[in-house]
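Everything on this sheet refers to the single structure shown next.
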Amino acid sequence: MTAQRGFLRSILTLLTGATLAQALPLLAAPALTRLYSPADFGLFALFSGLMSNIAVMAGGRYEMAIVLPEDDDEALHLLALSLLIAFGWMLLLLPLSLVEETTIARVLGHPEVARWLPVLAVTVFAVGCGQSLGCWANRRRRDGVMASSRFLQSGGTVGTQWLAGWAKFGSGGLILGQLLGTLLAAVWLAVDALRQGGHWLARLRWQQIKVVAWRYREFPTINAMHAFVTAFQETGALWVLSHAGGASALGYYGLTIRVLKAPIGLVGGVVAQVLYQRIATERHAGQAIAPLVRQMVLMLGGLAVVPVVILLLWGEPLFALLFGAQWDAAGRYAQWLAPYMLLYFVASPLSTLPLVLGRQRTAFAFAVVGILAYLLGLLIGSTVWHNVEWGLGLTSALMTTYFAVFLLWLWHIARHDDRQRGVA
């Protein structure tokens, strides 16, 4: 009972911070969509998609292993390793962005992205540091610090974007706002980590870093590819739209995904962080995990049903009312994607389950199937039917089926693990 209260308290603490963090972009969105054009949002969406695709590997995915060891010393070396890898990414991307910016921009289908590629390198480093330090804070159960870091990131991003919008910075204001917010969150987490255990730095040993790098090698090999493929879903979609739909279609799609995924970032991200730590802890203690999985599916599904129905019925007029008449197409995009988003909202927090159960290879295979289904729908719509909205409808149907099968598999492996450990 005490563990259950602690679990719910962790979720409530993080959810409070995440609610404030997610509320700011949503509240600011109607103002930002009147300060920036769909084309501005299109460039920002392309930049953010590329950044996110690289950033999921910024720590080599070793940060995802930080909560797993029983020994703090091993976890500390995983933290150091992930931070070193993030720094290495910046050293790699900076010269590449300066030398090959024109080629990269041409491949992405948007020449204006070229001048922002150096900012991309720094943003990836900041995200990598924030992710790694956030996992360390999660291990140390620094729930308040994690919540406040989310709020700082959101506030820094929105504040900068709003000021830059008034100053007519164009798409650059959106990009620089994201960079500043990410840096603020990373610095906040770093200061807390040093204050709580700065003396641990003296215990770092290069040999031990090499040991944990090998011991947790499935994270940069299997899990990193899984994360990259999952993130490439949005990057690939943006690439298709950049070439087939133009800057405005990019902007509509970018706003739609930003609004629809806000609840997933709000609730799903918090639940995923706490659930990951909780599943690992309960397995160490010999407890069953299938009941916890069932509880989360029912809770998340119940939270999402009503908003999805509202979106299906009134998506277009709602977007036009909230964001301005020029964004009505984004509302139609949202209507097409709503069914898929319902199951994505439920499945996203549970995607950490295969990490704990050692089923990363199968989860990776699922991810590959998912991205192929997503991009297939958009490609058919854009190139065969010449209709982006029909492509989104086909994508939504394919992904709804995909996530239904994925959730059944998660339930199966949770029950199988309980039976194997004799706790079913």
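Chain lettering (A, B, ...) mirrors the order of the structure tokens, residue numbering begins at 1 for each chain separately, and ligand numbering begins at 1 in order of display.
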Exercise. So which residues touch segment 358-375 of chain A within 9 Å, counting only C-alpha atoms, skipping near sequence neighbours fewer than 2 positions away, as a PyMOL selection string?
Worked result: chain A and resi 218-219+222-223+225-227+229-234+236-237+240+351+353-356+377-380+392+394-396+398-399+402-403+406+413
Env of Ile85 of chain A: 8 Å cut, atoms = only C-alpha atoms, seq-sep filter 3 positions within chain, self excluded. Answer as a PDB file with N, CA, C and O atoms, in the first residue's frame.
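Contents of around_16.pdb, freshly written:
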```
ATOM      1  N   ALA A  58      21.193  10.875 -28.630  1.00  0.00           N
ATOM      2  CA  ALA A  58      22.232  11.799 -28.163  1.00  0.00           C
ATOM      3  C   ALA A  58      23.042  11.235 -27.007  1.00  0.00           C
ATOM      4  O   ALA A  58      24.229  11.547 -26.870  1.00  0.00           O
ATOM      5  N   GLY A  59      22.428  10.423 -26.170  1.00  0.00           N
ATOM      6  CA  GLY A  59      23.155   9.792 -25.063  1.00  0.00           C
ATOM      7  C   GLY A  59      23.487   8.350 -25.336  1.00  0.00           C
ATOM      8  O   GLY A  59      23.852   7.608 -24.410  1.00  0.00           O
ATOM      9  N   GLY A  60      23.361   7.921 -26.591  1.00  0.00           N
ATOM     10  CA  GLY A  60      23.613   6.527 -26.936  1.00  0.00           C
ATOM     11  C   GLY A  60      22.567   5.583 -26.378  1.00  0.00           C
ATOM     12  O   GLY A  60      22.774   4.368 -26.394  1.00  0.00           O
ATOM     13  N   LEU A  81      28.822   8.245 -19.075  1.00  0.00           N
ATOM     14  CA  LEU A  81      28.954   7.747 -20.447  1.00  0.00           C
ATOM     15  C   LEU A  81      27.968   8.442 -21.377  1.00  0.00           C
ATOM     16  O   LEU A  81      28.329   8.879 -22.481  1.00  0.00           O
ATOM     17  N   SER A  82      26.729   8.571 -20.959  1.00  0.00           N
ATOM     18  CA  SER A  82      25.715   9.192 -21.817  1.00  0.00           C
ATOM     19  C   SER A  82      26.016  10.671 -22.065  1.00  0.00           C
ATOM     20  O   SER A  82      25.798  11.181 -23.165  1.00  0.00           O
ATOM     21  N   GLY A  88      30.033  14.234 -27.786  1.00  0.00           N
ATOM     22  CA  GLY A  88      30.596  13.735 -29.037  1.00  0.00           C
ATOM     23  C   GLY A  88      29.696  14.029 -30.224  1.00  0.00           C
ATOM     24  O   GLY A  88      30.183  14.359 -31.314  1.00  0.00           O
ATOM     25  N   TRP A  89      28.381  13.938 -30.031  1.00  0.00           N
ATOM     26  CA  TRP A  89      27.451  14.277 -31.104  1.00  0.00           C
ATOM     27  C   TRP A  89      27.611  15.733 -31.536  1.00  0.00           C
ATOM     28  O   TRP A  89      27.583  16.051 -32.724  1.00  0.00           O
TER      29      TRP A  89
END
```
Exercise. Which one of A:Val388, A:Cys129, A:Val267, A:Ala262 sits closest to Ala190 of chain A if you count only C-alpha atoms?
Worked result: A:Cys129
Exercise. Of the candidates A:Ile289, A:Leu92, A:Val145, A:Ala334, which shows the shortest atom-to-atom distance to Lys261 of chain A, using only C-alpha atoms?
Worked result: A:Ala334
Exercise. Could you name the residues that touch segment 170-172 of chain A at 12 Å or less, counting only C-alpha atoms, but leaving out those on the same chain fewer than 5 positions away, as a PyMOL selection string?
Worked result: chain A and resi 32-48+112-117+119-120+160-165+177-179+247+251
Exercise. Contacts of Val56 of chain A at 9 Å or less, counting only C-alpha atoms, minus same-chain residues fewer than 3 places along, as a list in words?
Worked result: Met51, Ser52, Asn53, Gly59, Gly60, Arg61, Val124, Val127, Gly128, Gln131, Ala224, Ala227, Phe228 and Ala231 of chain A
Residue neighbourhood Pro291 of chain A, 12 Å, only C-alpha atoms, exclusion window fewer than 6 positions, as a PDB file with N, CA and C atoms, in the first residue's frame:
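To be explicit, this is the file written out as part_3.pdb:
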```pdb
ATOM      1  N   ILE A 279       8.095  -0.509 -12.538  1.00  0.00           N
ATOM      2  CA  ILE A 279       8.150  -1.886 -13.019  1.00  0.00           C
ATOM      3  C   ILE A 279       9.476  -2.530 -12.648  1.00  0.00           C
ATOM      4  N   GLU A 282       9.457  -3.271  -8.843  1.00  0.00           N
ATOM      5  CA  GLU A 282       8.566  -4.359  -8.448  1.00  0.00           C
ATOM      6  C   GLU A 282       9.084  -5.713  -8.914  1.00  0.00           C
ATOM      7  N   VAL A 297      -3.534   0.834 -18.822  1.00  0.00           N
ATOM      8  CA  VAL A 297      -4.299   0.829 -20.081  1.00  0.00           C
ATOM      9  C   VAL A 297      -5.704   1.389 -19.847  1.00  0.00           C
ATOM     10  N   LEU A 298      -6.353   0.936 -18.793  1.00  0.00           N
ATOM     11  CA  LEU A 298      -7.711   1.399 -18.495  1.00  0.00           C
ATOM     12  C   LEU A 298      -7.726   2.882 -18.145  1.00  0.00           C
ATOM     13  N   TRP A 411       0.625  -6.809 -23.230  1.00  0.00           N
ATOM     14  CA  TRP A 411      -0.120  -7.540 -22.202  1.00  0.00           C
ATOM     15  C   TRP A 411       0.361  -8.989 -22.120  1.00  0.00           C
ATOM     16  N   HIS A 412       0.614  -9.589 -23.288  1.00  0.00           N
ATOM     17  CA  HIS A 412       1.085 -10.981 -23.322  1.00  0.00           C
ATOM     18  C   HIS A 412       2.445 -11.138 -22.648  1.00  0.00           C
ATOM     19  N   ALA A 414       3.869  -9.214 -20.418  1.00  0.00           N
ATOM     20  CA  ALA A 414       3.776  -8.937 -18.983  1.00  0.00           C
ATOM     21  C   ALA A 414       3.259 -10.166 -18.248  1.00  0.00           C
ATOM     22  N   ARG A 415       2.218 -10.805 -18.763  1.00  0.00           N
ATOM     23  CA  ARG A 415       1.663 -12.008 -18.128  1.00  0.00           C
ATOM     24  C   ARG A 415       2.661 -13.170 -18.190  1.00  0.00           C
ATOM     25  N   ASP A 418       5.308 -12.677 -15.533  1.00  0.00           N
ATOM     26  CA  ASP A 418       4.778 -13.007 -14.199  1.00  0.00           C
ATOM     27  C   ASP A 418       4.714 -14.504 -13.982  1.00  0.00           C
ATOM     28  N   VAL A 423       4.694 -15.518 -10.090  1.00  0.00           N
ATOM     29  CA  VAL A 423       3.924 -14.520  -9.312  1.00  0.00           C
ATOM     30  C   VAL A 423       2.597 -14.192  -9.987  1.00  0.00           C
ATOM     31  N   ALA A 424       2.232 -14.956 -11.037  1.00  0.00           N
ATOM     32  CA  ALA A 424       0.981 -14.682 -11.753  1.00  0.00           C
ATOM     33  C   ALA A 424      -0.232 -15.042 -10.891  1.00  0.00           C
TER      34      ALA A 424
END
```
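Shortest separation to Ala329 of chain A among A:Leu350, A:Tyr253, A:Ala304, A:Trp385 occurs at residue A:Tyr253, atoms counted being only C-alpha atoms.
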Exercise. Can you list, as number ranges by chain, every protein, DNA or RNA residue that comes within 9 Å of Gly422 of chain A when you count only C-alpha atoms, leaving out same-chain residues fewer than 3 positions away?
Worked result: A: 286, 288, 417-419
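For the set A:Ile175, A:Ser382, A:Gly130, A:Val308, the residue with the smallest atom-to-atom gap to Leu343 of chain A is A:Val308, counting only C-alpha atoms.
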Seminar exercise, completed: Ala280 of chain A proximity check over A:Thr352, A:Ser242, A:Gln326, A:Thr256, using only C-alpha atoms: winner is A:Thr352
For this session: For segment 207-209 of chain A, please output as a ChimeraX atom specification all residues within 7 Å (counting only C-alpha atoms; exclusion window: fewer than 4 positions along the same chain).
Result: /A:77-78,81,213
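Distances here use only C-alpha atoms; by that measure, the residue among A:Val293, A:Ala285, A:Leu84, A:Leu313 closest to Trp206 of chain A is A:Leu84.
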For this session: Please give the complete set of residues from segment 52-99 of chain A that DSSP, run on the backbone, assigns to helix (DSSP H, G or I), formatted as JSON, numbers by chain.
Result: {"A": [52, 53, 54, 55, 62, 63, 64, 65, 72, 73, 74, 75, 76, 77, 78, 79, 80, 81, 82, 83, 84, 85, 86, 87, 88, 89, 90, 91, 92, 93, 94, 95, 96, 97, 98, 99]}
